[in-house]
Protein chains: 4
Amino acid sequence: MKPPIIIVNFKAYETSYGKRGLEMAKILEKVSIETSTEIIISVPATMISRLAQEVTIPVYAQHVDGVSEGAHTGAVTPEHIKDAGARGSLLNHSEKRVRMDELDDALKRMKKLGLESVICVDRYELVAPMGLLKPGAVLVEPPELIGSGVSVSKARPEVITNAVNEIRKVEDVYLIAGAGITTGEDVYVAIKLGSDGFGVASAVMKAKDPQKVIQDLVLNAIRAMEEK
Amino acid sequence: MKPPIIIVNFKAYETSYGKRGLEMAKILEKVSIETSTEIIISVPATMISRLAQEVTIPVYAQHVDGVSEGAHTGAVTPEHIKDAGARGSLLNHSEKRVRMDELDDALKRMKKLGLESVICVDRYELVAPMGLLKPGAVLVEPPELIGSGVSVSKARPEVITNAVNEIRKVEDVYLIAGAGITTGEDVYVAIKLGSDGFGVASAVMKAKDPQKVIQDLVLNAIRAMEEK
Amino acid sequence: MKPPIIIVNFKAYETSYGKRGLEMAKILEKVSIETSTEIIISVPATMISRLAQEVTIPVYAQHVDGVSEGAHTGAVTPEHIKDAGARGSLLNHSEKRVRMDELDDALKRMKKLGLESVICVDRYELVAPMGLLKPGAVLVEPPELIGSGVSVSKARPEVITNAVNEIRKVEDVYLIAGAGITTGEDVYVAIKLGSDGFGVASAVMKAKDPQKVIQDLVLNAIRAMEEK
Amino acid sequence: MKPPIIIVNFKAYETSYGKRGLEMAKILEKVSIETSTEIIISVPATMISRLAQEVTIPVYAQHVDGVSEGAHTGAVTPEHIKDAGARGSLLNHSEKRVRMDELDDALKRMKKLGLESVICVDRYELVAPMGLLKPGAVLVEPPELIGSGVSVSKARPEVITNAVNEIRKVEDVYLIAGAGITTGEDVYVAIKLGSDGFGVASAVMKAKDPQKVIQDLVLNAIRAMEEK
């Protein structure tokens, strides 16, 4: 991972799978190449292998269970996602929360396998505790703003500011801001406030013209990084 | 589904993914063709698309969430597994239990999409209640015998007998027996006691010679069916 | 339990505990005596013993875990609530859902101890499956109407009608309707549609004059029962 | 809380409730008075009010939900346990694990109400992260030793040593050791290794002579504290 860290969470939107999921990934790959940035896509478990074969941008899982090989019916394990071509995974998203012991189990396996990790938290108070588990990054997202179209940058900039202060208590962990990120301005503010990147989902996945939206977000991320 | 229903649950065993997962699927396909039976494989979410492309036997998911398209990070949805090539899914396995309202949500989506379904239960008392939700089959498995090498047929045949009585209270739902199924005799007894098939995992997945093991199981299933 | 079955769920409202909880219980006891009906109160675990000593109306728990004596830190067991003076418990409320195997475990213990049970469901399709577990009653409550002030009787009467049809498939289990019950008319309609009683929470617990509200509900329940 | 911190977790043992629960509490109170130590008892939710009235030693809940007043059927809230007479609560016991956001919610409410808190963790790696949430103490217990009769002090002393190092990273949070604590020697070692107290359950709750057992544990705790 290298700032600006850009994560597009496919969730389970209509555009997250099948032909439309592939099209979306191709669009994001195109913008990634044109802007010389890395755009991480976080995709459904069933799509990892297909997308990892079809695009050159990094593919993440959206969740991974803290178990290894064995009798774990229904589990998506670190081994499974790595084998499918994932480079890492989101963990503890507000829509898929996990206990801390399970997170620690998952992270230990992931590190052994060389997988990257982004732990999501719903409040700045959890940034340092989760940071102590040494994921690649912590993504802070006030859940009431997720999918709202009103960004954390506008509605609750203090969450980013506080989260940035908290992440400084641990070493070598990036801080990413998310929730309601819709416009280039949202991204610009988030990074100027100290975050190392941004996460986005509905604003891209449900856009009529996703290419235009992501371009605007990425270009503003670059602009904010350069001004730092 | 058509008796004898044969389900091999890959779980998250070493042989469940990657090259070894593919080899296992190929072996099972071979036995399926040779014996003119249908062998269903229940595989990790990340493996569905690859195996569905590589083998002709039906591929199931091991779990599916009761949500549809939308903001569901980390979910494996009915749409996802169908798109990946699955013909159906296990639900409510002892290693991945689900609330009944979620089961009902999942089944409703799955039926709309034409997906098959097998609900697992840990006791015969739940066979009829789950049967009322109208899955394709109910798979009864006393959890203390799962992976034990001691089969339900030997250790607790009354579970099968009672389950068979229970399934008769609902129409058009098959009854499958599982847990500790290891030998052809286990399968033979399970079907003679009235079950419509069997589920197996470790005995095949961890076998030195999986082909030999599954052949023995399948041939005994056929023999028991013929004697009915 | 005897129709009309009347359950007031204290939840965790301000009026659910301490001095106000006791006052509420006393008011409900008064109306119970005046109307010669049985009003069941479903109270926080910490309040069971105090209320069971102070009032003569039946006290229920709001939830009970499906475990017995042993190493179960944080569990509220059937033995615990019985010892505290409870006559029974709600199970599987929309705000405290439980898996079906856990429900079955809890019910088996509760029956041994002579405890009554009311399983809540969020849709009519689960009435018969849950009824097969043989609780004393099934309480159907569309969750989107809970606490809304818009009653199931008005907004979704077909849920009650369908639930009544479903409960007939099992013997000796009552059907109770709930969600948004606010006025005597709501109760009257629910019972006329075939339910054996009603459940109420916010309309009583948050009322300025709870006595007046519950009187109206109870009197309409009696009127509807008499017209049956 | 003041070292040596002594917590007896009643769990749901036969001796946790009713007349036997009261007897157990009285025995522990007696030893507390005789030894001039504080013995905290962690009891079932249904027993809090009765025990808080009958004994002078501090009564804790075994779990508390991270919700406040409102529509939370089946919840045991901070307000509920305080009203019942509890002085604090265990949180996140291995038998009742909780997500970190829920823990933070619970702690914030508890602090407002002046309730004490002890967060349990199953490994030393979680001591500092949980310590950052600022509970009164963190109790480290390797789950495989809980109830085993083989103590953490003997079988895995490095867990205590590492946990003691971890707790130093946060201020004003005590470190308690637990799991398999059976003899005075177990307690002595645990405190000499740096812990501020100990937690015990089965060794006392299932003892033929609980008074003798707890006396031995407490006296060794005092001896170890004096030698520090």
# chains A, B, ... in the order shown; residues from 1 in each chain; ligands from 1
>>> interface_residues(of="chain C", to="chain B", cutoff="8 Å", atoms="only C-alpha atoms", output="list in words")
Arg97, Val98, Arg99, Met100, Asp101, Asp122, Glu125, Leu126, Ala128, Pro129, Met130, Leu132 and Leu133 of chain C
>>> residues_around(residues="Ile176 of chain A", least_positions_apart="5", cutoff="12 Å", atoms="only C-alpha atoms", output="count of residues only")
43
>>> atom_distance(atom1="atom CA of Asn220 of chain D", atom2="atom CA of Lys96 of chain D")
29.3 Å
>>> select_by_dssp(residues="segment 32-207 of chain C", states="strand (DSSP E)", output="ChimeraX atom specification")
/C:39-43,59-61,88-91,116-121,137-140,174-177,197-200
>>> write_last_selection(atoms="C-alpha atoms", output="PDB file, in the first residue's frame")
ATOM      1  CA  ILE C  39     -51.702  -9.616  32.159  1.00  0.00           C
ATOM      2  CA  ILE C  40     -48.248 -11.100  31.619  1.00  0.00           C
ATOM      3  CA  ILE C  41     -45.326  -8.754  32.098  1.00  0.00           C
ATOM      4  CA  SER C  42     -42.050  -9.483  30.347  1.00  0.00           C
ATOM      5  CA  VAL C  43     -39.306  -7.765  32.293  1.00  0.00           C
ATOM      6  CA  VAL C  59     -43.695 -12.347  35.324  1.00  0.00           C
ATOM      7  CA  TYR C  60     -41.819 -13.481  32.226  1.00  0.00           C
ATOM      8  CA  ALA C  61     -38.199 -13.081  31.210  1.00  0.00           C
ATOM      9  CA  GLY C  88     -42.048 -18.213  31.589  1.00  0.00           C
ATOM     10  CA  SER C  89     -40.181 -16.279  28.945  1.00  0.00           C
ATOM     11  CA  LEU C  90     -40.355 -14.652  25.556  1.00  0.00           C
ATOM     12  CA  LEU C  91     -37.949 -16.187  23.054  1.00  0.00           C
ATOM     13  CA  GLU C 116     -44.201 -21.213  29.867  1.00  0.00           C
ATOM     14  CA  SER C 117     -42.838 -19.991  26.545  1.00  0.00           C
ATOM     15  CA  VAL C 118     -43.777 -17.567  23.787  1.00  0.00           C
ATOM     16  CA  ILE C 119     -41.709 -17.695  20.602  1.00  0.00           C
ATOM     17  CA  CYS C 120     -41.731 -14.475  18.589  1.00  0.00           C
ATOM     18  CA  VAL C 121     -41.514 -14.569  14.788  1.00  0.00           C
ATOM     19  CA  ALA C 137     -47.707 -19.590  21.989  1.00  0.00           C
ATOM     20  CA  VAL C 138     -46.247 -17.994  18.893  1.00  0.00           C
ATOM     21  CA  LEU C 139     -46.256 -14.205  18.755  1.00  0.00           C
ATOM     22  CA  VAL C 140     -46.135 -12.796  15.220  1.00  0.00           C
ATOM     23  CA  TYR C 174     -51.774 -20.172  20.796  1.00  0.00           C
ATOM     24  CA  LEU C 175     -51.270 -17.392  18.273  1.00  0.00           C
ATOM     25  CA  ILE C 176     -50.644 -13.886  19.522  1.00  0.00           C
ATOM     26  CA  ALA C 177     -50.434 -10.745  17.372  1.00  0.00           C
ATOM     27  CA  GLY C 197     -54.278 -12.306  22.363  1.00  0.00           C
ATOM     28  CA  PHE C 198     -51.923  -9.427  21.823  1.00  0.00           C
ATOM     29  CA  GLY C 199     -48.501  -8.152  22.719  1.00  0.00           C
ATOM     30  CA  VAL C 200     -47.773  -4.528  23.441  1.00  0.00           C
TER      31      VAL C 200
END
>>> atom_distance(atom1="atom CA of Ile33 of chain A", atom2="atom CA of Gly184 of chain A")
18.6 Å
